[in-house]
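Enquirer: What follows is final19.cif, made up of mmCIF, C-alpha atoms:
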data_my_file
loop_
_atom_site.group_PDB
_atom_site.id
_atom_site.type_symbol
_atom_site.label_atom_id
_atom_site.label_comp_id
_atom_site.auth_asym_id
_atom_site.auth_seq_id
_atom_site.Cartn_x
_atom_site.Cartn_y
_atom_site.Cartn_z
ATOM 1 C CA MET A 360 115.428 115.393 88.143
ATOM 2 C CA LYS A 361 113.260 114.529 91.114
ATOM 3 C CA ARG A 362 112.073 110.991 90.779
ATOM 4 C CA ASP A 363 108.381 110.313 90.997
ATOM 5 C CA SER A 364 107.854 108.085 94.022
ATOM 6 C CA ALA A 365 104.445 107.183 92.656
ATOM 7 C CA PHE A 366 106.009 105.687 89.518
ATOM 8 C CA SER A 367 105.024 102.062 89.415
ATOM 9 C CA PHE A 368 106.493 99.284 87.363
ATOM 10 C CA GLN A 369 104.721 96.088 86.432
ATOM 11 C CA LYS A 370 106.916 93.042 86.694
ATOM 12 C CA THR A 371 107.426 91.138 83.484
ATOM 13 C CA THR A 372 106.603 87.464 83.061
ATOM 14 C CA LEU A 373 110.336 86.728 83.107
ATOM 15 C CA MET A 374 110.678 88.460 86.468
ATOM 16 C CA HIS A 375 107.754 86.480 87.908
ATOM 17 C CA ILE A 376 109.343 83.253 86.672
ATOM 18 C CA MET A 377 112.729 84.248 88.142
ATOM 19 C CA ASP A 378 111.077 85.122 91.476
ATOM 20 C CA THR A 379 109.264 81.786 91.590
ATOM 21 C CA ILE A 380 112.452 79.864 90.835
ATOM 22 C CA GLY A 381 114.477 81.991 93.280
ATOM 23 C CA LEU A 382 111.989 81.499 96.102
ATOM 24 C CA GLY A 383 111.754 77.803 95.279
ATOM 25 C CA LEU A 384 115.531 77.448 95.452
ATOM 26 C CA PHE A 385 115.603 79.296 98.770
ATOM 27 C CA VAL A 386 112.926 77.022 100.262
ATOM 28 C CA ALA A 387 114.584 73.904 98.793
ATOM 29 C CA ALA A 388 117.985 74.858 100.256
ATOM 30 C CA CYS A 389 116.458 75.457 103.698
ATOM 31 C CA ALA A 390 114.526 72.167 103.522
ATOM 32 C CA TYR A 391 117.653 70.292 102.401
ATOM 33 C CA LEU A 392 119.606 71.744 105.323
ATOM 34 C CA ILE A 393 116.906 70.777 107.823
ATOM 35 C CA PHE A 394 116.424 67.314 106.276
ATOM 36 C CA ASN A 395 120.160 66.547 106.453
ATOM 37 C CA TRP A 396 120.777 68.184 109.835
ATOM 38 C CA SER A 397 120.916 64.950 111.844
ATOM 39 C CA SER A 398 123.419 63.334 109.460
ATOM 40 C CA LEU A 399 125.900 66.230 109.628
ATOM 41 C CA PRO A 400 129.024 65.981 111.753
ATOM 42 C CA ALA A 401 129.482 68.483 114.596
ATOM 43 C CA GLU A 402 131.934 70.454 112.447
ATOM 44 C CA VAL A 403 131.428 71.250 108.777
ATOM 45 C CA PRO A 404 133.636 73.000 106.219
ATOM 46 C CA LYS A 405 133.487 76.768 106.614
ATOM 47 C CA TYR A 406 136.084 78.168 104.222
ATOM 48 C CA PHE A 407 137.058 76.742 100.886
ATOM 49 C CA GLY A 408 139.935 77.486 98.551
ATOM 50 C CA MET A 409 139.548 78.167 94.851
ATOM 51 C CA SER A 410 139.446 74.464 94.031
ATOM 52 C CA MET A 411 137.071 73.720 96.929
ATOM 53 C CA GLU A 412 139.784 72.408 99.267
ATOM 54 C CA ILE A 413 138.716 72.843 102.881
ATOM 55 C CA LEU A 414 140.621 75.588 104.676
ATOM 56 C CA GLN A 415 138.704 75.705 107.968
ATOM 57 C CA TYR A 416 135.974 73.846 109.862
ATOM 58 C CA GLU A 417 133.261 75.369 112.040
ATOM 59 C CA SER A 418 130.201 74.240 113.996
ATOM 60 C CA LYS A 419 127.376 72.950 111.839
ATOM 61 C CA TRP A 420 125.206 75.729 113.266
ATOM 62 C CA THR A 421 127.056 78.171 111.012
ATOM 63 C CA LEU A 422 125.218 76.605 108.064
ATOM 64 C CA PHE A 423 122.191 78.629 109.133
ATOM 65 C CA LEU A 424 124.112 81.793 108.219
ATOM 66 C CA PHE A 425 123.651 80.986 104.506
ATOM 67 C CA PRO A 426 119.840 81.151 104.605
ATOM 68 C CA MET A 427 119.773 84.078 107.035
ATOM 69 C CA ILE A 428 122.087 86.233 104.919
ATOM 70 C CA THR A 429 120.310 85.253 101.703
ATOM 71 C CA PHE A 430 116.934 86.037 103.276
ATOM 72 C CA LEU A 431 118.131 89.514 104.280
ATOM 73 C CA ILE A 432 119.530 90.113 100.784
ATOM 74 C CA MET A 433 116.257 88.975 99.228
ATOM 75 C CA ILE A 434 114.196 91.282 101.471
ATOM 76 C CA ALA A 435 116.440 94.283 100.798
ATOM 77 C CA LEU A 436 116.413 93.742 97.043
ATOM 78 C CA GLN A 437 112.658 93.109 97.036
ATOM 79 C CA ILE A 438 112.175 96.499 98.702
ATOM 80 C CA LEU A 439 114.387 98.122 96.039
ATOM 81 C CA GLU A 440 112.325 96.424 93.322
ATOM 82 C CA LYS A 441 109.181 97.960 94.784
ATOM 83 C CA HIS A 442 110.760 101.428 94.979
ATOM 84 C CA PRO A 443 112.544 102.138 91.709
ATOM 85 C CA ASP A 444 112.632 105.795 92.680
ATOM 86 C CA TRP A 445 115.223 104.898 95.348
ATOM 87 C CA HIS A 446 117.724 103.555 92.791
ATOM 88 C CA TYR A 447 120.749 105.475 91.752
ATOM 89 C CA PHE A 448 120.722 106.069 88.007
ATOM 90 C CA PRO A 449 124.139 106.987 86.620
ATOM 91 C CA ILE A 450 122.537 108.715 83.642
ATOM 92 C CA ASP A 451 120.195 111.644 83.344
ATOM 93 C CA ILE A 452 116.641 110.329 83.562
ATOM 94 C CA LYS A 453 114.199 112.174 81.323
ATOM 95 C CA ASN A 454 110.506 111.602 80.922
ATOM 96 C CA SER A 455 111.223 110.055 77.526
ATOM 97 C CA ASN A 456 113.420 107.276 78.918
ATOM 98 C CA ILE A 457 112.235 106.850 82.506
ATOM 99 C CA GLU A 458 110.172 103.728 81.878
ATOM 100 C CA LYS A 459 112.998 101.997 80.007
ATOM 101 C CA GLU A 460 115.610 102.892 82.627
ATOM 102 C CA VAL A 461 113.438 101.852 85.561
ATOM 103 C CA LYS A 462 112.568 98.568 83.869
ATOM 104 C CA GLN A 463 116.280 97.885 83.263
ATOM 105 C CA SER A 464 117.198 98.722 86.851
ATOM 106 C CA VAL A 465 114.428 96.611 88.375
ATOM 107 C CA LEU A 466 115.295 93.694 86.084
ATOM 108 C CA MET A 467 118.931 93.794 87.214
ATOM 109 C CA ILE A 468 117.928 93.880 90.883
ATOM 110 C CA SER A 469 115.544 90.972 90.339
ATOM 111 C CA PHE A 470 118.291 89.006 88.581
ATOM 112 C CA ILE A 471 120.794 89.606 91.388
ATOM 113 C CA LYS A 472 118.197 88.695 94.043
ATOM 114 C CA ASN A 473 117.334 85.406 92.383
ATOM 115 C CA MET A 474 120.923 84.493 91.544
ATOM 116 C CA SER A 475 121.630 84.929 95.264
ATOM 117 C CA SER A 476 119.073 82.181 95.931
ATOM 118 C CA LEU A 477 120.785 79.968 93.386
ATOM 119 C CA LEU A 478 124.152 80.609 95.020
ATOM 120 C CA LEU A 479 122.661 79.786 98.454
ATOM 121 C CA ALA A 480 121.230 76.511 97.173
ATOM 122 C CA ILE A 481 124.547 75.497 95.613
ATOM 123 C CA LEU A 482 126.582 76.455 98.694
ATOM 124 C CA VAL A 483 124.272 74.619 101.102
ATOM 125 C CA TRP A 484 124.144 71.526 98.916
ATOM 126 C CA GLU A 485 127.904 71.443 98.324
ATOM 127 C CA THR A 486 128.800 72.121 101.979
ATOM 128 C CA ILE A 487 126.478 69.361 103.208
ATOM 129 C CA HIS A 488 127.728 67.046 100.476
ATOM 130 C CA ILE A 489 131.375 67.613 101.524
ATOM 131 C CA ALA A 490 130.570 67.458 105.271
ATOM 132 C CA GLN A 491 129.071 64.012 104.732
ATOM 133 C CA GLY A 492 132.421 62.807 103.378
ATOM 134 C CA ASN A 493 131.843 63.207 99.646
ATOM 135 C CA ASN A 494 134.054 65.006 97.139
ATOM 136 C CA ALA A 495 133.281 68.490 95.866
ATOM 137 C CA ILE A 496 131.540 68.269 92.507
ATOM 138 C CA LEU A 497 130.081 71.750 91.927
ATOM 139 C CA GLU A 498 133.207 73.882 92.312
ATOM 140 C CA GLY A 499 133.026 75.199 88.738
ATOM 141 C CA VAL A 500 129.316 75.887 89.046
ATOM 142 C CA ILE A 501 129.795 77.994 92.173
ATOM 143 C CA TRP A 502 132.356 80.227 90.482
ATOM 144 C CA SER A 503 130.201 80.446 87.357
ATOM 145 C CA VAL A 504 127.234 81.666 89.408
ATOM 146 C CA VAL A 505 129.376 84.228 91.234
ATOM 147 C CA ALA A 506 130.783 85.449 87.918
ATOM 148 C CA SER A 507 127.276 85.623 86.424
ATOM 149 C CA ILE A 508 126.023 87.725 89.321
ATOM 150 C CA ILE A 509 128.771 90.237 88.510
ATOM 151 C CA ILE A 510 129.114 90.012 84.732
ATOM 152 C CA ILE A 511 125.507 89.804 83.481
ATOM 153 C CA PRO A 512 124.193 92.962 85.219
ATOM 154 C CA THR A 513 127.352 94.795 84.157
ATOM 155 C CA LEU A 514 126.870 93.743 80.532
ATOM 156 C CA MET A 515 123.199 94.696 80.677
ATOM 157 C CA THR A 516 124.162 98.174 81.875
ATOM 158 C CA VAL A 517 126.839 98.615 79.212
ATOM 159 C CA ILE A 518 124.519 97.449 76.419
ATOM 160 C CA VAL A 519 121.771 99.822 77.537
ATOM 161 C CA ALA A 520 124.265 102.691 77.794
ATOM 162 C CA LEU A 521 125.592 101.997 74.293
ATOM 163 C CA ASN A 522 122.049 101.897 72.916
ATOM 164 C CA GLU A 523 121.337 105.210 74.659
ATOM 165 C CA GLU A 524 124.287 106.815 72.870
ATOM 166 C CA LYS A 525 122.938 105.685 69.466
ATOM 167 C CA ASP A 526 119.553 107.310 70.119
#
Would you give me this structure, written as structure tokens?
Expert:
Amino acid sequence: MKRDSAFSFQKTTLMHIMDTIGLGLFVAACAYLIFNWSSLPAEVPKYFGMSMEILQYESKWTLFLFPMITFLIMIALQILEKHPDWHYFPIDIKNSNIEKEVKQSVLMISFIKNMSSLLLAILVWETIHIAQGNNAILEGVIWSVVASIIIIPTLMTVIVALNEEKD
């Protein structure tokens, strides 16, 4: 089925709230990095092990990679949110289910985009915290966020697919 490029989707209140929080976290992480810049040593932790042990150090300038990569991810996913007709749908889209499927797809993209901002904020905070000589305290949170970015959209897709089979 050819997808209608004119199909528009109105964001839900939940999506607007997630976008506000995601953007706020992105701005807060960037501000925190800039605010703490002068107190950072010349080299900061770059790679961490599973229990947040430091495996390698790098110039503190590499901390700017976190916001740059997250910004690019946010822009790319924002574009996909605006163009649901560009998404790949693994099921046959019919006129009867197009609105539901597009809403589901856009919601998952919005979730992933905003969880990326949360991950950025945690990584920047934890890296600066460790670089300033403190112990890692958010190691479990980081892995929980990464797992959530993978598991929640997958579960959403499976639940929708199972509901489709019942109909």
Enquirer: Choose the residue, out of A:Leu414, A:Pro404, A:His375, A:Ile428, that has the smallest atom-to-atom separation from A:Phe470; count all atoms listed in the file.
Expert: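 So, comparing all the options, the nearest one is A:His375.
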Enquirer: Edge lengths and centre in Å to one decimal, as lines of an AutoDock Vina configuration file, is what I'm after for the box along x, y and z that holds all listed atoms of stretch 474-479 of chain A once 6 Å is added on each side.
Expert:
center_x = 121.6
center_y = 82.4
center_z = 95.0
size_x = 17.1
size_y = 17.1
size_z = 18.9
Enquirer: Which residue, A:Ile501, A:Gln491, A:Pro512, A:Thr486, has the smallest gap to A:Ile413 when you use only C-alpha atoms?
Expert: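 Nearest to A:Ile413: A:Thr486.
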Enquirer: With only C-alpha atoms as the basis for distance, which of A:Leu478, A:Ile457, A:Val403, A:Ile393 is at the shortest distance from A:Phe425?
Expert: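 Smallest separation from A:Phe425 among the options: A:Leu478.
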Enquirer: Give the answer as one residue: which of A:Leu384, A:Met433, A:Met427, A:Leu477 has the shortest atom-to-atom distance to A:Ser503, using all atoms listed in the file?
Expert: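 Smallest separation from A:Ser503 among the options: A:Leu477.
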